[in-house]
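> Here you go, this is start.cif (mmCIF, C-alpha atoms).
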```cif
data_data
#
loop_
_atom_site.label_atom_id
_atom_site.label_comp_id
_atom_site.auth_asym_id
_atom_site.auth_seq_id
_atom_site.Cartn_x
_atom_site.Cartn_y
_atom_site.Cartn_z
CA MET A 150 0.00 0.00 0.00
CA LYS A 151 1.45 3.35 -1.00
CA ILE A 152 1.21 6.12 1.57
CA ASP A 153 1.39 9.79 0.66
CA ASN A 154 3.68 11.18 3.34
CA SER A 155 4.43 14.66 1.96
CA ASN A 156 1.87 16.36 4.19
CA SER A 157 2.92 14.22 7.14
CA ARG A 158 6.52 15.34 6.82
CA ARG A 159 5.53 19.01 6.68
CA THR A 160 3.22 18.59 9.65
CA PHE A 161 5.93 16.83 11.68
CA LEU A 162 8.55 19.48 10.97
CA GLY A 163 6.08 22.27 11.60
CA SER A 164 5.01 20.72 14.88
CA LEU A 165 8.58 20.49 16.08
CA ALA A 166 9.33 24.05 15.02
CA LEU A 167 6.24 25.65 16.50
CA GLY A 168 5.72 23.24 19.37
CA ALA A 169 2.37 24.78 20.28
CA ALA A 170 -0.36 24.66 17.66
CA ALA A 171 -2.97 22.24 18.95
CA SER A 172 -4.39 21.64 15.51
CA SER A 173 -1.01 20.47 14.23
CA LEU A 174 -0.44 18.19 17.21
CA SER A 175 -3.91 16.68 17.42
CA ILE A 176 -3.10 13.68 15.25
CA LEU A 177 -0.09 12.91 17.47
CA THR A 178 -1.99 12.58 20.74
CA ASN A 179 -1.88 8.78 21.03
CA PRO A 180 1.72 8.20 19.92
CA LEU A 181 3.17 11.06 21.94
CA ASN A 182 1.42 9.83 25.06
CA ALA A 183 3.12 6.50 24.49
CA THR A 184 6.47 8.10 25.38
CA ASN A 185 5.31 7.57 28.96
CA SER A 186 6.15 3.91 28.38
CA PHE A 187 9.64 4.99 29.46
CA THR A 188 9.37 4.08 33.11
CA THR A 189 12.05 4.63 35.72
CA GLU A 190 13.26 1.10 35.00
CA THR A 191 13.53 1.58 31.24
CA MET A 192 15.19 4.96 31.68
CA LEU A 193 17.81 3.37 33.91
CA GLU A 194 18.29 0.62 31.34
CA ALA A 195 18.84 3.18 28.58
CA ASP A 196 21.31 5.14 30.71
CA GLU A 197 23.16 1.98 31.70
CA TRP A 198 23.54 0.98 28.05
CA PHE A 199 25.93 3.89 27.50
CA ASN A 200 28.39 2.31 29.93
CA ASN A 201 29.19 -0.15 27.13
CA ILE A 202 31.14 2.60 25.36
CA LYS A 203 34.78 1.61 25.59
CA GLY A 204 38.25 2.29 24.31
CA LYS A 205 40.47 5.23 23.56
CA HIS A 206 38.75 6.22 20.33
CA ARG A 207 35.03 7.03 20.58
CA ILE A 208 32.63 8.51 18.04
CA VAL A 209 28.88 8.99 17.72
CA TYR A 210 27.16 9.35 14.35
CA ASP A 211 23.99 11.40 14.16
CA GLY A 212 21.86 9.35 11.75
CA SER A 213 18.90 11.64 11.18
CA THR A 214 18.21 10.54 7.59
CA PRO A 215 18.73 7.25 5.70
CA HIS A 216 21.30 8.93 3.44
CA GLY A 217 21.83 5.79 1.36
CA GLY A 218 22.95 3.77 4.37
CA LEU A 219 25.82 6.14 5.24
CA PRO A 220 25.04 6.31 8.99
CA ILE A 221 25.99 2.61 9.04
CA LEU A 222 28.72 2.76 6.38
CA TRP A 223 30.58 5.50 8.30
CA ASN A 224 30.36 3.39 11.46
CA PHE A 225 32.12 0.62 9.51
CA ALA A 226 34.62 3.12 8.08
CA PHE A 227 35.60 4.22 11.60
CA TYR A 228 36.51 0.65 12.52
CA LEU A 229 38.24 0.01 9.19
CA SER A 230 40.45 3.09 9.31
CA ASN A 231 41.30 2.65 12.98
CA ASN A 232 42.24 -0.97 12.33
CA GLN A 233 44.47 0.17 9.50
CA THR A 234 46.23 2.60 11.82
CA GLY A 235 46.86 0.07 14.58
CA THR A 236 43.78 0.22 16.82
CA ALA A 237 41.99 -3.03 17.63
CA ASP A 238 38.21 -3.25 17.77
CA GLU A 239 38.45 -3.66 21.56
CA ASP A 240 39.96 -0.18 21.95
CA MET A 241 37.29 1.85 20.20
CA THR A 242 33.56 2.40 19.96
CA ALA A 243 31.46 3.82 17.17
CA MET A 244 27.81 4.50 17.97
CA THR A 245 25.10 5.32 15.45
CA VAL A 246 21.97 7.10 16.70
CA LEU A 247 19.07 6.30 14.37
CA ARG A 248 16.53 9.08 14.67
CA HIS A 249 14.03 11.08 12.61
CA ASN A 250 13.80 9.61 9.07
CA ALA A 251 16.46 6.93 9.69
CA ILE A 252 14.47 4.90 12.24
CA PRO A 253 13.48 2.16 9.73
CA TYR A 254 17.10 0.97 9.82
CA ALA A 255 16.38 -0.23 13.37
CA LEU A 256 13.37 -2.33 12.34
CA GLU A 257 12.99 -5.91 11.14
CA ASP A 258 12.07 -6.81 7.56
CA SER A 259 8.48 -7.78 8.34
CA LEU A 260 7.64 -4.20 9.31
CA TRP A 261 9.15 -2.80 6.11
CA GLU A 262 6.73 -4.88 4.07
CA LYS A 263 3.73 -4.55 6.36
CA TYR A 264 3.87 -0.74 6.59
CA ALA A 265 5.57 0.10 3.27
CA LEU A 266 8.43 1.76 5.10
CA GLY A 267 10.62 2.06 2.02
CA ASP A 268 7.89 4.04 0.29
CA PHE A 269 7.09 6.20 3.31
CA PHE A 270 10.71 7.06 4.13
CA LYS A 271 11.91 7.16 0.49
CA ILE A 272 14.45 4.34 0.89
CA THR A 273 15.31 2.51 -2.33
CA ASP A 274 16.32 -1.12 -2.77
CA ASN A 275 19.21 -0.74 -5.21
CA SER A 276 18.72 -4.24 -6.63
CA LYS A 277 15.12 -3.51 -7.56
CA LYS A 278 15.33 0.24 -8.15
CA ALA A 279 12.12 0.52 -6.16
CA PRO A 280 11.07 1.37 -2.59
CA SER A 281 12.64 -1.19 -0.30
CA THR A 282 10.52 -3.84 1.40
CA ARG A 283 13.41 -5.00 3.59
CA ASN A 284 16.09 -3.60 5.87
CA THR A 285 19.07 -3.30 3.53
CA VAL A 286 21.65 -2.33 6.18
CA TYR A 287 21.18 -4.99 8.89
CA GLU A 288 22.55 -7.96 6.91
CA PRO A 289 23.33 -6.28 3.58
CA GLN A 290 23.39 -8.06 0.26
CA ASP A 291 25.73 -7.23 -2.64
CA GLY A 292 24.85 -3.81 -3.98
CA ASP A 293 22.98 -2.56 -0.91
CA PHE A 294 25.81 -0.17 -0.01
CA PRO A 295 27.43 2.13 -2.60
CA ILE A 296 30.75 0.30 -2.16
CA PRO A 297 31.33 -3.45 -1.67
CA GLY A 298 32.51 -5.21 1.49
CA VAL A 299 30.73 -3.05 4.06
CA ASP A 300 29.61 -4.76 7.27
CA GLY A 301 25.97 -4.19 8.23
CA ILE A 302 24.52 -3.47 11.66
CA LYS A 303 24.53 -7.10 12.83
CA ARG A 304 28.20 -7.68 12.03
CA MET A 305 29.21 -4.27 13.42
CA GLN A 306 27.43 -5.10 16.70
CA GLU A 307 29.53 -8.27 16.91
CA ARG A 308 32.62 -6.05 16.60
CA GLY A 309 31.48 -3.77 19.44
CA ALA A 310 29.69 -1.01 17.55
CA MET A 311 26.54 0.35 19.16
CA PHE A 312 23.20 1.34 17.63
CA CYS A 313 20.17 2.97 19.21
CA VAL A 314 16.84 4.27 17.96
CA CYS A 315 14.74 7.27 18.95
CA ASN A 316 11.54 6.42 20.82
CA LEU A 317 10.04 9.84 20.06
CA ALA A 318 10.41 9.25 16.33
CA LEU A 319 8.99 5.72 16.67
CA ASN A 320 5.95 7.29 18.30
CA VAL A 321 5.50 10.13 15.83
CA TYR A 322 6.02 8.18 12.63
CA SER A 323 4.00 5.16 13.74
CA GLY A 324 1.20 7.67 14.36
CA PHE A 325 1.46 9.13 10.87
CA ILE A 326 1.57 5.68 9.29
CA ALA A 327 -1.39 4.51 11.36
CA LYS A 328 -3.39 7.56 10.29
CA GLY A 329 -2.54 7.00 6.62
CA MET A 330 -3.53 3.33 6.77
CA GLY A 331 -6.59 3.72 9.00
CA LEU A 332 -5.00 1.78 11.88
CA ASP A 333 -4.77 2.28 15.63
CA ALA A 334 -1.72 4.43 16.45
CA THR A 335 -0.92 2.67 19.71
CA GLU A 336 -1.04 -0.75 18.07
CA VAL A 337 1.31 0.35 15.29
CA TYR A 338 3.68 1.93 17.82
CA ASN A 339 3.73 -1.29 19.85
CA ASP A 340 4.40 -3.21 16.63
CA PHE A 341 7.37 -0.94 15.92
CA VAL A 342 8.77 -1.43 19.42
CA SER A 343 8.46 -5.21 19.26
CA GLY A 344 10.11 -5.15 15.82
CA VAL A 345 13.27 -3.33 16.87
CA LEU A 346 16.21 -5.53 15.88
CA PRO A 347 18.28 -7.39 18.51
CA ASP A 348 20.61 -5.30 20.68
CA ILE A 349 19.50 -1.99 19.20
CA GLN A 350 18.67 0.12 22.25
CA ILE A 351 15.50 2.19 22.33
CA VAL A 352 16.31 5.60 23.83
CA PRO A 353 13.90 8.39 24.86
CA SER A 354 14.98 10.51 21.91
CA GLY A 355 17.84 10.65 19.47
CA VAL A 356 19.03 14.03 20.69
CA TRP A 357 19.01 12.70 24.28
CA ALA A 358 21.24 9.83 23.14
CA LEU A 359 23.63 12.15 21.30
CA GLY A 360 24.07 14.13 24.50
CA ARG A 361 24.69 11.01 26.58
CA ALA A 362 27.25 9.70 24.08
CA GLN A 363 29.18 12.97 24.07
CA ALA A 364 29.15 13.00 27.86
CA LYS A 365 30.87 9.59 27.65
CA GLY A 366 33.66 11.05 25.53
CA CYS A 367 32.34 10.41 22.02
CA GLY A 368 33.16 12.89 19.29
CA TYR A 369 30.15 13.97 17.22
CA ILE A 370 29.75 13.49 13.44
CA PHE A 371 26.59 14.37 11.53
CA ALA A 372 25.68 11.49 9.23
CA GLY A 373 22.53 12.90 7.68
CA GLU A 374 22.25 15.19 4.70
#
```
So, in terms of structure tokens, how does the structure I just supplied come out?

Amino acid sequence: MKIDNSNSRRTFLGSLALGAAASSLSILTNPLNATNSFTTETMLEADEWFNNIKGKHRIVYDGSTPHGGLPILWNFAFYLSNNQTGTADEDMTAMTVLRHNAIPYALEDSLWEKYALGDFFKITDNSKKAPSTRNTVYEPQDGDFPIPGVDGIKRMQERGAMFCVCNLALNVYSGFIAKGMGLDATEVYNDFVSGVLPDIQIVPSGVWALGRAQAKGCGYIFAGE
């Protein structure tokens, strides 16, 4: 099912910029209330997760847009170039914060097909030259990245890289998708949460996570466009 998301994007950006107009925020009531699912326990869990940052060399990538998979490719490039200059995986950490339009990269394939995420977020499957119906950066196939030999999220996690996803964006975008498909916003949000890929940490918001990572000594690099 194809979803027209042009108005949704404008509404989302306008809502963030103005932060007040009730008419603009009315369609977000259910998903934004769901941010209260972050209890004291889950907040502590999210904070504790940042203690996994290790090593002398630390970086955090701000993945606010899909950008052709570059928020993940640059994570790989950090490990590759540090390896080439004598640093072992154990002495560094690269974190990618998936927020705003890049949140589909944190979600399993079934959700991409069920909710037409490639169409909604304008992410193309290079092999089909069409909106993607699968997560092309978790376990990438040949041609998914613009250059060959790039490790996806799963392999980078095995090497010590860290990935998290913005709960606020999960709420907002699941609400827009639910509205476009005539579904219940809370049910779609819960579907998104249950479909977050293994070991990707849900954080209250992407900007919150970027602040926590920098407080742990990570340098900041913008990986959007």
> Using all atoms listed in the file, can you tell me which of A:Ala265, A:Met241, A:Ile370, A:Val314 comes closest to A:Trp357?
A:Val314
> Find the residue from A:Glu239, A:Gly324, A:Ile208, A:Gly368 that sits nearest to A:Ala226; use only C-alpha atoms when measuring.
A:Ile208
> Show which residues sit within 8 Å of A:Gly292, as an NGL selection string. Count all atoms listed in the file, and ignore same-chain residues fewer than 4 positions away.
:A and (275-276 or 296-297)
> What does the structure give for the distance between atom CA of A:Tyr338 and atom CA of A:Gln306, in Å to one decimal?
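Separating atom CA of A:Tyr338 from atom CA of A:Gln306 is a distance of 24.8 Å.
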> Would you please work out which residue, of A:Asp340, A:Lys205, A:Leu219, A:Asn224, is nearest to A:Met311 when using all atoms listed in the file?
A:Asn224
> Closest to A:Gly301 among A:Ala327, A:Ala255, A:Cys367, A:Ile351, using all atoms listed in the file?
A:Ala255
> When you draw a straight line from atom CA of A:Leu346 to atom CA of A:Lys303, how long is it in Å?
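Straight-line distance from atom CA of A:Leu346 to atom CA of A:Lys303 works out to 9.0 Å.
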> Tell me which protein, DNA and RNA residues are within 9 Å of A:Gly217, counting only C-alpha atoms, leaving out same-chain ones fewer than 4 positions away, and put them as number ranges by chain.
A: 272-273, 293-295
> List the residues selected by the PyMOL selection byres ((chain A and resi 334-336) around 8) in the file shown, writing them as a list of chain:residue names.
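Given this file, the PyMOL selection byres ((chain A and resi 334-336) around 8) evaluates to A:Asn179, A:Pro180, A:Ala183, A:Ser323, A:Gly324, A:Phe325, A:Ile326, A:Ala327, A:Lys328, A:Leu332, A:Asp333, A:Val337, A:Tyr338, A:Asn339, A:Asp340.
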> If we count only C-alpha atoms, what is near A:Asn200 at a cut-off of 10 Å, once residues fewer than 4 positions away on the same chain are taken out, given as a list in words?
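My list of contacting residues is Ala195, Asp196, Ala362 and Lys365 of chain A.
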> Those same residues, written as a compact mmCIF listing (two decimals), in the frame of the given file with C-alpha atoms?

```txt
# COMPACT_ATOMS: atom_id res chain seq x y z
CA ALA A 195 18.84 3.18 28.58
CA ASP A 196 21.31 5.14 30.71
CA ALA A 362 27.25 9.70 24.08
CA LYS A 365 30.87 9.59 27.65
```
> What does the distance from atom CA of A:Gln363 to atom CA of A:Glu190 come to in Å, to one decimal?
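Separation between atom CA of A:Gln363 and atom CA of A:Glu190: 22.7 Å.
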> With all atoms listed in the file as the atoms that count, which of A:Arg308, A:Leu193, A:Gly360, A:Ala243 lies nearest to A:Pro220?
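Nearest to A:Pro220: A:Ala243.
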> Could you give me, as a PyMOL selection string, the residues within 10 Å of A:Ile252, counting all atoms listed in the file and dropping anything in the same chain fewer than 5 positions from it?
chain A and resi 212-215+246-247+266+270+313-316+318-319+322+341+345+355
